[in-house]
Amino acid sequence: MNTFEWGVVDTDIGPLLLAASGRGLVAVAFHAGPAVRDRTLARLAERLGAQPVARTEGRLAEPVRQLRAYFAGGLKEFDLPLDWSLSSGFNREVLRELLAGVEYGTVVGYGDLAARVGQPGAAQAVGAAMGSNPIPVVVPCHRVVETDGGLGGFGGGLETKRRLLALEGVLPEPLF
């Protein structure tokens with residue numbers, strides 16, 4: 001039987017659901033309370049054609065360790081095998097460029113990222129690619145902002161995006 005392993009990890013931005021296939025980390029989901037967890041697991045089972053197995057050791061041990069180090073301020077770059085099977089085409093190309101070319105503590109505009117993948121007029125499509133990112137935080141879609149300096153959107157919510165950018169030193173820590 002084809003399976004994927006999953007677990008929920010408490011972080012500074014709330015509980016994250018992590019899922020890993022035999023190829024690597026395949027999904028990260030924000031706000032992973034029971035309702036989000038159940039919906040995410042059902043969607044992953046359908047899309048991956050695999051059954052979920054609750055387990056934070058095994059395939060998830062290293063992703064959990066690295067996420068904890070990242071939130072503690074001790075990790076600037078993730079070094080994990082990633083399973084890109086939930087992303088394809090233009091979205092995958094944009095996400096791979098983001099991962100390879102936008103370092104910790106920096107940001108890039110939607111239009112600039114579009115230009116990096118050879119589609120300078122595709123800023124809105126880049127926004128859609130960020131919204132489809134199956135592995136946020138590790139594939140740092142929080143580092144993509146509007147050209148005028150606005151935060152833009154974020155699947156985990158703007159407060160989560162602010163907190164991640166503050167962690168990386170791009171924004172000041174919130175006062176409250």
# chains A, B, ... in the order shown; residues from 1 in each chain; ligands from 1
>>> residues_around(residues="Ser21 of chain A", least_positions_apart="5", cutoff="8 Å", atoms="only C-alpha atoms", output="number ranges by chain")
A: 3-5, 26, 59, 83
>>> select_by_dssp(residues="segment 17-151 of chain A", states="strand (DSSP E)", output="ChimeraX atom specification")
/A:17-21,24-29,51-54,108-109,144-145
>>> write_last_selection(atoms="all heavy atoms", output="compact mmCIF listing (two decimals), in the first residue's frame")
# COMPACT_ATOMS: atom_id res chain seq x y z
N LEU A 17 1.02 21.28 9.85
CA LEU A 17 0.94 19.88 9.46
C LEU A 17 2.03 19.64 8.42
O LEU A 17 2.13 20.40 7.45
CB LEU A 17 -0.42 19.54 8.86
CG LEU A 17 -0.57 18.07 8.45
CD1 LEU A 17 -1.96 17.57 8.79
CD2 LEU A 17 -0.30 17.86 6.98
N LEU A 18 2.85 18.64 8.64
CA LEU A 18 3.89 18.24 7.69
C LEU A 18 3.53 16.88 7.13
O LEU A 18 3.04 16.02 7.86
CB LEU A 18 5.25 18.13 8.38
CG LEU A 18 5.73 19.31 9.21
CD1 LEU A 18 7.09 18.99 9.81
CD2 LEU A 18 5.78 20.57 8.39
N ALA A 19 3.79 16.70 5.85
CA ALA A 19 3.57 15.39 5.22
C ALA A 19 4.76 15.08 4.33
O ALA A 19 5.29 15.96 3.65
CB ALA A 19 2.28 15.40 4.40
N ALA A 20 5.18 13.82 4.35
CA ALA A 20 6.31 13.38 3.54
C ALA A 20 5.99 12.07 2.84
O ALA A 20 5.42 11.16 3.44
CB ALA A 20 7.56 13.22 4.39
N SER A 21 6.36 12.01 1.58
CA SER A 21 6.26 10.78 0.81
C SER A 21 7.64 10.12 0.84
O SER A 21 8.57 10.63 1.47
CB SER A 21 5.87 11.10 -0.63
OG SER A 21 6.96 11.73 -1.29
N GLY A 24 10.24 12.73 -0.34
CA GLY A 24 10.60 13.89 0.46
C GLY A 24 9.39 14.61 1.01
O GLY A 24 8.25 14.15 0.89
N LEU A 25 9.65 15.77 1.60
CA LEU A 25 8.58 16.60 2.15
C LEU A 25 7.66 17.01 1.01
O LEU A 25 8.09 17.58 0.02
CB LEU A 25 9.19 17.83 2.84
CG LEU A 25 8.23 18.71 3.63
CD1 LEU A 25 7.66 17.94 4.84
CD2 LEU A 25 8.94 19.98 4.09
N VAL A 26 6.37 16.73 1.17
CA VAL A 26 5.42 16.98 0.08
C VAL A 26 4.43 18.09 0.43
O VAL A 26 3.88 18.72 -0.46
CB VAL A 26 4.69 15.68 -0.33
CG1 VAL A 26 3.72 15.21 0.75
CG2 VAL A 26 4.01 15.79 -1.67
N ALA A 27 4.21 18.34 1.73
CA ALA A 27 3.23 19.36 2.09
C ALA A 27 3.50 19.93 3.47
O ALA A 27 3.98 19.22 4.37
CB ALA A 27 1.82 18.78 2.04
N VAL A 28 3.17 21.21 3.61
CA VAL A 28 3.14 21.92 4.89
C VAL A 28 1.84 22.69 4.89
O VAL A 28 1.54 23.39 3.92
CB VAL A 28 4.34 22.88 5.04
CG1 VAL A 28 4.21 23.71 6.32
CG2 VAL A 28 5.67 22.14 5.01
N ALA A 29 1.06 22.57 5.95
CA ALA A 29 -0.21 23.28 6.04
C ALA A 29 -0.25 24.10 7.32
O ALA A 29 0.08 23.59 8.39
CB ALA A 29 -1.39 22.31 5.99
N GLN A 51 -2.31 6.48 1.44
CA GLN A 51 -2.96 6.54 2.75
C GLN A 51 -2.04 7.24 3.76
O GLN A 51 -0.84 6.98 3.79
CB GLN A 51 -3.28 5.13 3.24
CG GLN A 51 -4.35 4.44 2.43
CD GLN A 51 -5.65 5.24 2.44
OE1 GLN A 51 -6.16 5.62 3.49
NE2 GLN A 51 -6.18 5.51 1.26
N PRO A 52 -2.62 8.11 4.60
CA PRO A 52 -1.82 8.79 5.61
C PRO A 52 -1.47 7.88 6.78
O PRO A 52 -2.28 7.06 7.21
CB PRO A 52 -2.72 9.93 6.07
CG PRO A 52 -4.11 9.48 5.75
CD PRO A 52 -4.01 8.56 4.57
N VAL A 53 -0.25 8.03 7.29
CA VAL A 53 0.21 7.32 8.46
C VAL A 53 0.76 8.37 9.42
O VAL A 53 1.71 9.09 9.08
CB VAL A 53 1.33 6.30 8.11
CG1 VAL A 53 1.88 5.65 9.37
CG2 VAL A 53 0.81 5.26 7.14
N ALA A 54 0.17 8.49 10.62
CA ALA A 54 0.62 9.48 11.60
C ALA A 54 1.95 9.05 12.18
O ALA A 54 2.06 7.98 12.78
CB ALA A 54 -0.43 9.62 12.71
N VAL A 108 11.53 39.51 -2.64
CA VAL A 108 11.50 39.73 -4.09
C VAL A 108 10.07 40.14 -4.44
O VAL A 108 9.11 39.68 -3.81
CB VAL A 108 11.94 38.47 -4.86
CG1 VAL A 108 10.99 37.30 -4.65
CG2 VAL A 108 12.13 38.76 -6.33
N GLY A 109 9.93 40.99 -5.44
CA GLY A 109 8.60 41.37 -5.91
C GLY A 109 8.02 40.30 -6.82
O GLY A 109 8.75 39.55 -7.47
N VAL A 144 7.92 36.79 -0.96
CA VAL A 144 7.46 37.46 -2.17
C VAL A 144 6.48 38.56 -1.77
O VAL A 144 5.48 38.28 -1.09
CB VAL A 144 6.82 36.47 -3.16
CG1 VAL A 144 6.44 37.17 -4.45
CG2 VAL A 144 7.78 35.31 -3.45
N VAL A 145 6.80 39.78 -2.18
CA VAL A 145 6.01 40.95 -1.77
C VAL A 145 5.65 41.79 -2.99
O VAL A 145 6.17 41.58 -4.09
CB VAL A 145 6.79 41.81 -0.75
CG1 VAL A 145 7.07 41.02 0.53
CG2 VAL A 145 8.09 42.33 -1.34
>>> residues_around(residues="Thr147 of chain A", least_positions_apart="2", cutoff="12 Å", atoms="only C-alpha atoms", output="number ranges by chain")
A: 107-114, 123, 144-145, 149-152
>>> atom_distance(atom1="atom CA of Ala129 of chain A", atom2="atom CA of Pro172 of chain A")
26.8 Å
>>> atom_distance(atom1="atom CA of Met130 of chain A", atom2="atom CA of Arg65 of chain A")
24.6 Å
>>> decode(residues="segment 49-68 of chain A", atoms="N, CA, C and O atoms", output="PDB file, in the first residue's frame")
ATOM      1  N   GLY A  49      -2.764   9.620  -3.998  1.00  0.00           N
ATOM      2  CA  GLY A  49      -3.163   8.223  -4.165  1.00  0.00           C
ATOM      3  C   GLY A  49      -2.516   7.351  -3.114  1.00  0.00           C
ATOM      4  O   GLY A  49      -2.035   6.254  -3.395  1.00  0.00           O
ATOM      5  N   ALA A  50      -2.490   7.864  -1.878  1.00  0.00           N
ATOM      6  CA  ALA A  50      -1.787   7.176  -0.795  1.00  0.00           C
ATOM      7  C   ALA A  50      -2.559   7.362   0.507  1.00  0.00           C
ATOM      8  O   ALA A  50      -3.343   8.300   0.646  1.00  0.00           O
ATOM      9  N   GLN A  51      -2.310   6.475   1.442  1.00  0.00           N
ATOM     10  CA  GLN A  51      -2.959   6.540   2.747  1.00  0.00           C
ATOM     11  C   GLN A  51      -2.042   7.240   3.757  1.00  0.00           C
ATOM     12  O   GLN A  51      -0.843   6.985   3.789  1.00  0.00           O
ATOM     13  N   PRO A  52      -2.623   8.110   4.600  1.00  0.00           N
ATOM     14  CA  PRO A  52      -1.819   8.788   5.613  1.00  0.00           C
ATOM     15  C   PRO A  52      -1.469   7.881   6.785  1.00  0.00           C
ATOM     16  O   PRO A  52      -2.283   7.062   7.213  1.00  0.00           O
ATOM     17  N   VAL A  53      -0.252   8.034   7.286  1.00  0.00           N
ATOM     18  CA  VAL A  53       0.212   7.318   8.465  1.00  0.00           C
ATOM     19  C   VAL A  53       0.761   8.373   9.423  1.00  0.00           C
ATOM     20  O   VAL A  53       1.710   9.093   9.084  1.00  0.00           O
ATOM     21  N   ALA A  54       0.165   8.492  10.617  1.00  0.00           N
ATOM     22  CA  ALA A  54       0.616   9.476  11.600  1.00  0.00           C
ATOM     23  C   ALA A  54       1.948   9.046  12.181  1.00  0.00           C
ATOM     24  O   ALA A  54       2.057   7.977  12.777  1.00  0.00           O
ATOM     25  N   ARG A  55       2.953   9.902  11.977  1.00  0.00           N
ATOM     26  CA  ARG A  55       4.294   9.541  12.447  1.00  0.00           C
ATOM     27  C   ARG A  55       5.215  10.738  12.286  1.00  0.00           C
ATOM     28  O   ARG A  55       5.356  11.255  11.179  1.00  0.00           O
ATOM     29  N   THR A  56       5.835  11.199  13.360  1.00  0.00           N
ATOM     30  CA  THR A  56       6.763  12.325  13.227  1.00  0.00           C
ATOM     31  C   THR A  56       8.220  11.880  13.241  1.00  0.00           C
ATOM     32  O   THR A  56       9.108  12.698  13.145  1.00  0.00           O
ATOM     33  N   GLU A  57       8.448  10.588  13.352  1.00  0.00           N
ATOM     34  CA  GLU A  57       9.813  10.083  13.183  1.00  0.00           C
ATOM     35  C   GLU A  57       9.933   9.690  11.716  1.00  0.00           C
ATOM     36  O   GLU A  57       9.146  10.111  10.903  1.00  0.00           O
ATOM     37  N   GLY A  58      10.887   8.861  11.397  1.00  0.00           N
ATOM     38  CA  GLY A  58      11.012   8.392  10.017  1.00  0.00           C
ATOM     39  C   GLY A  58      11.233   9.535   9.054  1.00  0.00           C
ATOM     40  O   GLY A  58      12.129  10.343   9.230  1.00  0.00           O
ATOM     41  N   ARG A  59      10.382   9.613   8.050  1.00  0.00           N
ATOM     42  CA  ARG A  59      10.536  10.613   6.983  1.00  0.00           C
ATOM     43  C   ARG A  59      10.434  12.042   7.487  1.00  0.00           C
ATOM     44  O   ARG A  59      10.951  12.954   6.853  1.00  0.00           O
ATOM     45  N   LEU A  60       9.749  12.254   8.595  1.00  0.00           N
ATOM     46  CA  LEU A  60       9.542  13.616   9.089  1.00  0.00           C
ATOM     47  C   LEU A  60      10.555  14.060  10.140  1.00  0.00           C
ATOM     48  O   LEU A  60      10.574  15.222  10.509  1.00  0.00           O
ATOM     49  N   ALA A  61      11.400  13.179  10.609  1.00  0.00           N
ATOM     50  CA  ALA A  61      12.334  13.541  11.670  1.00  0.00           C
ATOM     51  C   ALA A  61      13.207  14.732  11.273  1.00  0.00           C
ATOM     52  O   ALA A  61      13.341  15.699  12.042  1.00  0.00           O
ATOM     53  N   GLU A  62      13.776  14.698  10.100  1.00  0.00           N
ATOM     54  CA  GLU A  62      14.666  15.793   9.679  1.00  0.00           C
ATOM     55  C   GLU A  62      13.893  17.071   9.366  1.00  0.00           C
ATOM     56  O   GLU A  62      14.320  18.156   9.779  1.00  0.00           O
ATOM     57  N   PRO A  63      12.754  17.021   8.661  1.00  0.00           N
ATOM     58  CA  PRO A  63      11.980  18.257   8.492  1.00  0.00           C
ATOM     59  C   PRO A  63      11.573  18.892   9.825  1.00  0.00           C
ATOM     60  O   PRO A  63      11.653  20.114   9.978  1.00  0.00           O
ATOM     61  N   VAL A  64      11.166  18.082  10.796  1.00  0.00           N
ATOM     62  CA  VAL A  64      10.796  18.619  12.108  1.00  0.00           C
ATOM     63  C   VAL A  64      12.012  19.270  12.758  1.00  0.00           C
ATOM     64  O   VAL A  64      11.926  20.386  13.284  1.00  0.00           O
ATOM     65  N   ARG A  65      13.148  18.605  12.725  1.00  0.00           N
ATOM     66  CA  ARG A  65      14.370  19.158  13.329  1.00  0.00           C
ATOM     67  C   ARG A  65      14.731  20.492  12.678  1.00  0.00           C
ATOM     68  O   ARG A  65      15.026  21.475  13.364  1.00  0.00           O
ATOM     69  N   GLN A  66      14.694  20.540  11.337  1.00  0.00           N
ATOM     70  CA  GLN A  66      15.074  21.768  10.649  1.00  0.00           C
ATOM     71  C   GLN A  66      14.069  22.898  10.882  1.00  0.00           C
ATOM     72  O   GLN A  66      14.464  24.058  11.035  1.00  0.00           O
ATOM     73  N   LEU A  67      12.783  22.594  10.909  1.00  0.00           N
ATOM     74  CA  LEU A  67      11.796  23.644  11.205  1.00  0.00           C
ATOM     75  C   LEU A  67      11.992  24.201  12.610  1.00  0.00           C
ATOM     76  O   LEU A  67      11.905  25.417  12.816  1.00  0.00           O
ATOM     77  N   ARG A  68      12.258  23.351  13.567  1.00  0.00           N
ATOM     78  CA  ARG A  68      12.510  23.840  14.929  1.00  0.00           C
ATOM     79  C   ARG A  68      13.744  24.734  14.967  1.00  0.00           C
ATOM     80  O   ARG A  68      13.746  25.783  15.625  1.00  0.00           O
TER      81      ARG A  68
END
